[in-house]
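Content type PDB, C-alpha atoms, pLDDT in the B column, from the file target.pdb:
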ATOM      1  CA  MET W  41       0.000   0.000   0.000  1.00 43.00           C
ATOM      2  CA  LEU W  42       2.463   2.610   1.169  1.00 37.00           C
ATOM      3  CA  HIS W  43       5.423   1.974  -0.964  1.00 48.00           C
ATOM      4  CA  THR W  44       8.339   4.311  -0.687  1.00 47.00           C
ATOM      5  CA  GLN W  45       9.756   3.104  -3.963  1.00 44.00           C
ATOM      6  CA  LEU W  46       6.626   4.034  -5.907  1.00 50.00           C
ATOM      7  CA  ALA W  47       6.111   7.242  -3.968  1.00 51.00           C
ATOM      8  CA  ALA W  48       9.644   8.255  -4.822  1.00 48.00           C
ATOM      9  CA  LEU W  49       9.023   7.052  -8.340  1.00 47.00           C
ATOM     10  CA  ALA W  50       5.902   9.167  -8.753  1.00 52.00           C
ATOM     11  CA  LEU W  51       7.716  12.189  -7.379  1.00 50.00           C
ATOM     12  CA  ALA W  52      10.725  11.375  -9.560  1.00 44.00           C
ATOM     13  CA  VAL W  53       8.426  11.327 -12.564  1.00 45.00           C
ATOM     14  CA  ALA W  54       7.222  14.745 -11.527  1.00 43.00           C
ATOM     15  CA  ALA W  55      10.805  15.953 -11.198  1.00 39.00           C
ATOM     16  CA  VAL W  56      11.954  14.373 -14.462  1.00 36.00           C
ATOM     17  CA  THR W  57       9.067  15.800 -16.438  1.00 34.00           C
ATOM     18  CA  ALA W  58       9.313  19.171 -14.731  1.00 35.00           C
ATOM     19  CA  SER W  59      13.032  19.385 -15.458  1.00 31.00           C
ATOM     20  CA  GLY W  60      12.511  19.356 -19.197  1.00 30.00           C
ATOM     21  CA  CYS W  61      12.087  15.764 -20.271  1.00 32.00           C
ATOM     22  CA  GLY W  62       9.603  16.756 -22.937  1.00 32.00           C
ATOM     23  CA  SER W  63       8.004  20.139 -23.132  1.00 31.00           C
ATOM     24  CA  SER W  64       4.790  21.983 -23.679  1.00 34.00           C
ATOM     25  CA  LYS W  65       5.082  23.264 -27.214  1.00 36.00           C
ATOM     26  CA  SER W  66       2.851  25.005 -29.663  1.00 35.00           C
ATOM     27  CA  THR W  67       3.295  23.677 -33.170  1.00 36.00           C
ATOM     28  CA  THR W  68       1.592  24.353 -36.445  1.00 35.00           C
ATOM     29  CA  THR W  69       0.728  21.706 -38.961  1.00 35.00           C
ATOM     30  CA  THR W  70       0.076  22.880 -42.471  1.00 36.00           C
ATOM     31  CA  THR W  71      -1.932  21.021 -45.066  1.00 35.00           C
ATOM     32  CA  THR W  72      -2.910  22.125 -48.530  1.00 36.00           C
ATOM     33  CA  THR W  73      -6.209  23.460 -47.209  1.00 35.00           C
ATOM     34  CA  GLU W  74      -5.706  24.674 -43.635  1.00 37.00           C
ATOM     35  CA  THR W  75      -3.377  25.259 -40.694  1.00 34.00           C
ATOM     36  CA  THR W  76      -4.191  23.670 -37.361  1.00 35.00           C
ATOM     37  CA  PRO W  77      -2.413  24.836 -34.216  1.00 33.00           C
ATOM     38  CA  THR W  78      -1.798  22.083 -31.669  1.00 33.00           C
ATOM     39  CA  THR W  79      -0.877  22.839 -28.087  1.00 35.00           C
ATOM     40  CA  SER W  80       0.077  20.340 -25.427  1.00 38.00           C
ATOM     41  CA  THR W  81      -2.257  20.675 -22.455  1.00 42.00           C
ATOM     42  CA  ALA W  82      -1.286  21.134 -18.834  1.00 44.00           C
ATOM     43  CA  ALA W  83      -0.714  18.150 -16.629  1.00 49.00           C
ATOM     44  CA  THR W  84      -3.786  16.258 -15.526  1.00 52.00           C
ATOM     45  CA  THR W  85      -4.139  16.341 -11.749  1.00 55.00           C
ATOM     46  CA  THR W  86      -7.594  15.076 -10.842  1.00 58.00           C
ATOM     47  CA  PRO W  87      -8.482  11.441 -10.123  1.00 57.00           C
ATOM     48  CA  THR W  88     -11.506  10.300 -12.113  1.00 59.00           C
ATOM     49  CA  THR W  89     -12.792   6.951 -10.830  1.00 62.00           C
ATOM     50  CA  THR W  90     -14.969   5.879  -7.940  1.00 75.00           C
ATOM     51  CA  THR W  91     -13.485   4.591  -4.700  1.00 75.00           C
ATOM     52  CA  PRO W  92     -14.386   0.983  -3.845  1.00 85.00           C
ATOM     53  CA  THR W  93     -17.130   0.618  -1.256  1.00 89.00           C
ATOM     54  CA  VAL W  94     -16.166  -1.094   1.983  1.00 90.00           C
ATOM     55  CA  ALA W  95     -18.001  -4.387   2.474  1.00 91.00           C
ATOM     56  CA  THR W  96     -20.653  -4.631   5.128  1.00 91.00           C
ATOM     57  CA  GLY W  97     -21.596  -7.546   7.303  1.00 93.00           C
ATOM     58  CA  ALA W  98     -20.155  -9.173  10.373  1.00 95.00           C
ATOM     59  CA  PRO W  99     -16.951  -7.374  11.338  1.00 96.00           C
ATOM     60  CA  LEU W 100     -13.764  -9.382  11.505  1.00 97.00           C
ATOM     61  CA  PRO W 101     -12.010  -9.640  14.849  1.00 97.00           C
ATOM     62  CA  ARG W 102      -9.239  -7.030  14.996  1.00 97.00           C
ATOM     63  CA  ALA W 103      -6.340  -9.522  14.806  1.00 97.00           C
ATOM     64  CA  ARG W 104      -7.877 -11.337  11.843  1.00 97.00           C
ATOM     65  CA  TRP W 105      -8.665  -8.049  10.069  1.00 97.00           C
ATOM     66  CA  ILE W 106      -5.070  -6.852  10.476  1.00 97.00           C
ATOM     67  CA  ALA W 107      -3.635 -10.216   9.372  1.00 97.00           C
ATOM     68  CA  ALA W 108      -5.846 -10.321   6.266  1.00 97.00           C
ATOM     69  CA  GLY W 109      -5.124  -6.666   5.412  1.00 96.00           C
ATOM     70  CA  ASP W 110      -1.393  -7.076   5.905  1.00 96.00           C
ATOM     71  CA  ALA W 111      -1.385 -10.188   3.697  1.00 96.00           C
ATOM     72  CA  ILE W 112      -2.950  -8.174   0.865  1.00 96.00           C
ATOM     73  CA  CYS W 113      -0.553  -5.257   1.396  1.00 94.00           C
ATOM     74  CA  GLU W 114       2.475  -7.541   1.575  1.00 95.00           C
ATOM     75  CA  GLY W 115       1.521  -9.201  -1.718  1.00 95.00           C
ATOM     76  CA  VAL W 116       1.243  -5.832  -3.427  1.00 94.00           C
ATOM     77  CA  GLN W 117       4.505  -4.615  -1.879  1.00 92.00           C
ATOM     78  CA  LEU W 118       6.364  -7.669  -3.183  1.00 93.00           C
ATOM     79  CA  LYS W 119       4.919  -7.177  -6.677  1.00 93.00           C
ATOM     80  CA  LEU W 120       5.831  -3.479  -6.655  1.00 91.00           C
ATOM     81  CA  GLU W 121       9.404  -4.314  -5.719  1.00 90.00           C
ATOM     82  CA  THR W 122       9.735  -6.433  -8.872  1.00 91.00           C
ATOM     83  CA  LEU W 123       8.885  -3.492 -11.158  1.00 90.00           C
ATOM     84  CA  GLY W 124      12.454  -2.126 -10.896  1.00 82.00           C
ATOM     85  CA  ALA W 125      11.859   1.370 -12.233  1.00 73.00           C
ATOM     86  CA  ARG W 126      15.315   2.937 -12.347  1.00 77.00           C
ATOM     87  CA  THR W 127      15.191   4.782 -15.692  1.00 78.00           C
ATOM     88  CA  GLU W 128      12.581   6.946 -17.405  1.00 75.00           C
ATOM     89  CA  ALA W 129      11.716   4.100 -19.798  1.00 77.00           C
ATOM     90  CA  ALA W 130      11.346   1.692 -16.899  1.00 82.00           C
ATOM     91  CA  MET W 131       9.194   4.242 -15.070  1.00 79.00           C
ATOM     92  CA  GLU W 132       6.970   4.562 -18.110  1.00 80.00           C
ATOM     93  CA  ARG W 133       6.428   0.784 -17.967  1.00 84.00           C
ATOM     94  CA  ALA W 134       6.210   0.499 -14.171  1.00 90.00           C
ATOM     95  CA  LEU W 135       3.779   3.273 -13.313  1.00 89.00           C
ATOM     96  CA  PRO W 136       0.772   1.835 -15.201  1.00 91.00           C
ATOM     97  CA  GLN W 137       1.454  -1.554 -13.593  1.00 93.00           C
ATOM     98  CA  ALA W 138       1.743   0.072 -10.177  1.00 93.00           C
ATOM     99  CA  ALA W 139      -1.561   1.892 -10.704  1.00 92.00           C
ATOM    100  CA  ILE W 140      -3.237  -1.439 -11.499  1.00 93.00           C
ATOM    101  CA  LEU W 141      -1.736  -2.975  -8.365  1.00 95.00           C
ATOM    102  CA  TYR W 142      -2.988  -0.096  -6.200  1.00 94.00           C
ATOM    103  CA  ALA W 143      -6.495  -0.367  -7.685  1.00 93.00           C
ATOM    104  CA  ALA W 144      -6.551  -4.114  -7.007  1.00 95.00           C
ATOM    105  CA  GLU W 145      -5.200  -3.546  -3.497  1.00 95.00           C
ATOM    106  CA  ALA W 146      -7.962  -1.039  -2.688  1.00 95.00           C
ATOM    107  CA  GLU W 147     -10.574  -3.393  -4.154  1.00 95.00           C
ATOM    108  CA  ASN W 148      -9.292  -6.415  -2.203  1.00 96.00           C
ATOM    109  CA  LEU W 149      -8.987  -4.498   1.061  1.00 96.00           C
ATOM    110  CA  SER W 150     -12.515  -3.128   0.630  1.00 96.00           C
ATOM    111  CA  LYS W 151     -13.817  -6.708   0.886  1.00 97.00           C
ATOM    112  CA  LEU W 152     -12.644  -6.919   4.508  1.00 97.00           C
ATOM    113  CA  VAL W 153     -15.148  -5.781   7.120  1.00 97.00           C
ATOM    114  CA  PRO W 154     -13.256  -3.951   9.886  1.00 97.00           C
ATOM    115  CA  PRO W 155     -14.151  -3.883  13.559  1.00 97.00           C
ATOM    116  CA  LYS W 156     -16.792  -1.197  14.101  1.00 95.00           C
ATOM    117  CA  SER W 157     -14.355   1.056  15.949  1.00 96.00           C
ATOM    118  CA  LYS W 158     -12.030   1.054  12.908  1.00 96.00           C
ATOM    119  CA  ALA W 159     -14.650   1.524  10.157  1.00 95.00           C
ATOM    120  CA  HIS W 160     -13.837   5.201   9.544  1.00 95.00           C
ATOM    121  CA  ASP W 161     -10.086   4.578   9.452  1.00 95.00           C
ATOM    122  CA  TRP W 162     -10.602   1.642   7.098  1.00 96.00           C
ATOM    123  CA  GLU W 163     -12.670   3.698   4.673  1.00 95.00           C
ATOM    124  CA  GLN W 164      -9.959   6.371   4.767  1.00 94.00           C
ATOM    125  CA  ILE W 165      -7.145   3.879   4.143  1.00 94.00           C
ATOM    126  CA  ILE W 166      -8.998   2.332   1.193  1.00 95.00           C
ATOM    127  CA  ASN W 167      -9.833   5.740  -0.225  1.00 94.00           C
ATOM    128  CA  ASP W 168      -6.217   6.881   0.152  1.00 93.00           C
ATOM    129  CA  ILE W 169      -4.875   3.778  -1.602  1.00 93.00           C
ATOM    130  CA  HIS W 170      -7.365   4.228  -4.406  1.00 92.00           C
ATOM    131  CA  VAL W 171      -6.550   7.918  -4.882  1.00 92.00           C
ATOM    132  CA  TYR W 172      -2.814   7.142  -4.645  1.00 90.00           C
ATOM    133  CA  GLY W 173      -3.304   4.710  -7.520  1.00 91.00           C
ATOM    134  CA  GLU W 174      -5.151   7.384  -9.463  1.00 91.00           C
ATOM    135  CA  TYR W 175      -2.287   9.823  -8.930  1.00 89.00           C
ATOM    136  CA  THR W 176       0.096   7.097 -10.099  1.00 88.00           C
ATOM    137  CA  THR W 177      -1.987   6.797 -13.276  1.00 88.00           C
ATOM    138  CA  ILE W 178      -1.844  10.558 -13.749  1.00 86.00           C
ATOM    139  CA  ALA W 179       1.950  10.588 -13.315  1.00 84.00           C
ATOM    140  CA  SER W 180       2.191   7.735 -15.822  1.00 84.00           C
ATOM    141  CA  GLN W 181       0.071   9.564 -18.379  1.00 85.00           C
ATOM    142  CA  ASN W 182       2.063  12.751 -17.956  1.00 82.00           C
ATOM    143  CA  LEU W 183       5.340  10.863 -18.352  1.00 80.00           C
ATOM    144  CA  LYS W 184       4.068   9.051 -21.429  1.00 78.00           C
ATOM    145  CA  GLU W 185       2.894  12.330 -22.990  1.00 80.00           C
ATOM    146  CA  HIS W 186       6.144  14.104 -21.996  1.00 73.00           C
ATOM    147  CA  ARG W 187       4.267  16.870 -20.264  1.00 65.00           C
ATOM    148  CA  VAL W 188       6.482  19.404 -18.623  1.00 53.00           C
ATOM    149  CA  ALA W 189       4.557  20.633 -15.657  1.00 59.00           C
ATOM    150  CA  ILE W 190       3.252  18.389 -12.960  1.00 64.00           C
ATOM    151  CA  PRO W 191       1.979  21.035 -10.597  1.00 72.00           C
ATOM    152  CA  ASN W 192       3.493  21.372  -7.166  1.00 81.00           C
ATOM    153  CA  SER W 193      -0.046  21.010  -5.821  1.00 82.00           C
ATOM    154  CA  LEU W 194      -0.087  17.409  -7.102  1.00 79.00           C
ATOM    155  CA  ARG W 195       3.219  16.654  -5.413  1.00 81.00           C
ATOM    156  CA  VAL W 196       1.880  18.107  -2.160  1.00 88.00           C
ATOM    157  CA  LYS W 197      -1.327  16.026  -2.467  1.00 86.00           C
ATOM    158  CA  VAL W 198       0.638  12.819  -3.054  1.00 87.00           C
ATOM    159  CA  ALA W 199       2.928  13.476  -0.073  1.00 90.00           C
ATOM    160  CA  ALA W 200      -0.014  14.332   2.203  1.00 91.00           C
ATOM    161  CA  LEU W 201      -1.906  11.254   1.046  1.00 90.00           C
ATOM    162  CA  GLN W 202       1.055   8.999   1.758  1.00 91.00           C
ATOM    163  CA  THR W 203       1.587  10.526   5.199  1.00 93.00           C
ATOM    164  CA  ASN W 204      -2.096  10.056   6.033  1.00 92.00           C
ATOM    165  CA  MET W 205      -2.041   6.409   4.893  1.00 92.00           C
ATOM    166  CA  ILE W 206       1.070   5.614   6.929  1.00 93.00           C
ATOM    167  CA  THR W 207      -0.204   7.338  10.046  1.00 94.00           C
ATOM    168  CA  THR W 208      -3.644   5.719   9.946  1.00 95.00           C
ATOM    169  CA  ALA W 209      -2.369   2.225   9.130  1.00 95.00           C
ATOM    170  CA  LYS W 210       0.263   2.374  11.894  1.00 95.00           C
ATOM    171  CA  ARG W 211      -2.251   3.657  14.423  1.00 95.00           C
ATOM    172  CA  ASP W 212      -4.523   0.729  13.582  1.00 95.00           C
ATOM    173  CA  GLY W 213      -1.727  -1.811  14.028  1.00 95.00           C
ATOM    174  CA  PHE W 214      -0.812  -2.767  10.459  1.00 95.00           C
ATOM    175  CA  LYS W 215       2.719  -3.810   9.584  1.00 93.00           C
ATOM    176  CA  TRP W 216       2.708  -4.182   5.778  1.00 90.00           C
ATOM    177  CA  CYS W 217      -0.065  -1.683   5.222  1.00 88.00           C
ATOM    178  CA  SER W 218       2.022   0.979   6.945  1.00 84.00           C
ATOM    179  CA  LYS W 219       5.186   0.589   4.861  1.00 80.00           C
ATOM    180  CA  GLY W 220       6.491   3.669   3.220  1.00 60.00           C
ATOM    181  CA  GLU W 221       8.927   5.377   5.519  1.00 42.00           C
TER     182      GLU W 221
END
If you convert what's in this file into structure tokens, what do you get?
Amino acid sequence: MLHTQLAALALAVAAVTASGCGSSKSTTTTTTTETTPTTSTAATTTPTTTTPTVATGAPLPRARWIAAGDAICEGVQLKLETLGARTEAAMERALPQAAILYAAEAENLSKLVPPKSKAHDWEQIINDIHVYGEYTTIASQNLKEHRVAIPNSLRVKVAALQTNMITTAKRDGFKWCSKGE
């Protein structure tokens, strides 16, 4: 869930693209009948999909809920570690895969019914993972399209989201779901 490697990767993508790996240009294409200006758009920064709904039913005992959640998070962490994004080309390949892993992680975790006292935290953790995956998708798209500016506001949102996930997961007693420091 909270994977330092991918967090650094997403921020590295922001830094790489912001430092001039690609640029926002205005070009003109001329045909025999007309001229069409084409301008690269600003970086996309808004997640667009719906957060998974947390399952309802009989709550799991706290220890079982944490064990099941940590098993899901550990599986995702191990898969993320195999992506090996060290270069821009590798990042371009890894980020879409990471976004898929985060979406699946949020979906799988949403199937666990938390103890009643942890329901709000659980919804927040699942929402944060989902949105983190969306931001990973956005970073991937911007890298693929060689967009220059990933706004600082996006970087701040990603950092705040990661901090919130880590804090909440640790407070609730998760080991693997609180990785990321």
Taking all atoms listed in the file into account, produce a table as JSON lines in which each residue of segment 172-219 of chain W with an atom at most 10 Å from an atom of segment 116-124 of chain W appears once, together with its shortest atom pair and the distance in Å to one decimal, ordered by chain and rising number.
{"residue": "W:Trp216", "atom": "CA", "partner": "W:Gln117", "partner_atom": "CA", "distance": 7.9}
{"residue": "W:Cys217", "atom": "CA", "partner": "W:Gln117", "partner_atom": "CA", "distance": 8.9}
{"residue": "W:Lys219", "atom": "CA", "partner": "W:Gln117", "partner_atom": "CA", "distance": 8.5}
For the selection just defined, write its residues with C-alpha atoms to a file, as a short mmCIF file (atom, residue, chain, number, x, y, z; two decimals), in the frame of the given file.
data_model
loop_
_atom_site.label_atom_id
_atom_site.label_comp_id
_atom_site.auth_asym_id
_atom_site.auth_seq_id
_atom_site.Cartn_x
_atom_site.Cartn_y
_atom_site.Cartn_z
CA TRP W 216 2.71 -4.18 5.78
CA CYS W 217 -0.06 -1.68 5.22
CA LYS W 219 5.19 0.59 4.86
#
Residue nearest Lys184 of chain W - candidates W:Pro101, W:Gly115, W:Gly109, W:Pro136, atoms counted: all atoms listed in the file
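When distances to Lys184 of chain W are compared using all atoms listed in the file, the smallest one comes from W:Pro136.
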Identify which of the residues W:Ala139, W:Ala111, W:Ile166, W:Ala103 lies closest to Thr91 of chain W, counting all atoms listed in the file when measuring atom-to-atom distances.
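Of W:Ala139, W:Ala111, W:Ile166, W:Ala103, the one nearest Thr91 of chain W is W:Ile166, counting all atoms listed in the file.
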Which residues are near Pro92 of chain W? Cut-off 12 Å, only C-alpha atoms, ignore same chain within fewer than 4 positions. Put them as a PyMOL selection string.
chain W and resi 142-152+162-171
Pairwise distance for atom CA of Ala95 of chain W and atom CA of Pro155 of chain W, rounded to one decimal in Å
11.7 Å
On this structure, which residues satisfy the PyMOL selection byres ((chain W and resi 99) around 9), written as an NGL selection string?
:W and (96-98 or 100-102 or 105 or 152-156)
Calculate how many Å separate atom CA of Ser180 of chain W from atom CA of Ile112 of chain W, rounding to one decimal.
23.6 Å
Tell me which residues the PyMOL selection byres ((chain W and resi 176) around 9) grabs here, as a list in words.
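That selection, the PyMOL selection byres ((chain W and resi 176) around 9), comes back as Leu46, Ala47, Ala50, Leu135, Pro136, Ala138, Ala139, Tyr142, Val171, Tyr172, Gly173, Glu174, Tyr175, Thr177, Ile178, Ala179, Ser180 and Gln181 of chain W.
Between atom CA of Ile106 of chain W and atom CA of Met205 of chain W the separation is 14.7 Å.
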Enclose the full set of atoms of segment 167-177 of chain W listed in the file within a box whose edges lie along x, y and z, apply 6 Å of padding to each of the six sides, and report centre and edge lengths in Å to one decimal as AutoDock Vina command-line options.
--center_x -4.9 --center_y 6.8 --center_z -6.6 --size_x 21.9 --size_y 18.0 --size_z 25.4
May I ask which of the residues W:Ala209, W:Arg195, W:Ser218, W:Thr93 is the closest one to Lys158 of chain W, counting all atoms listed in the file?
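Result for the nearest residue to Lys158 of chain W: W:Ala209.
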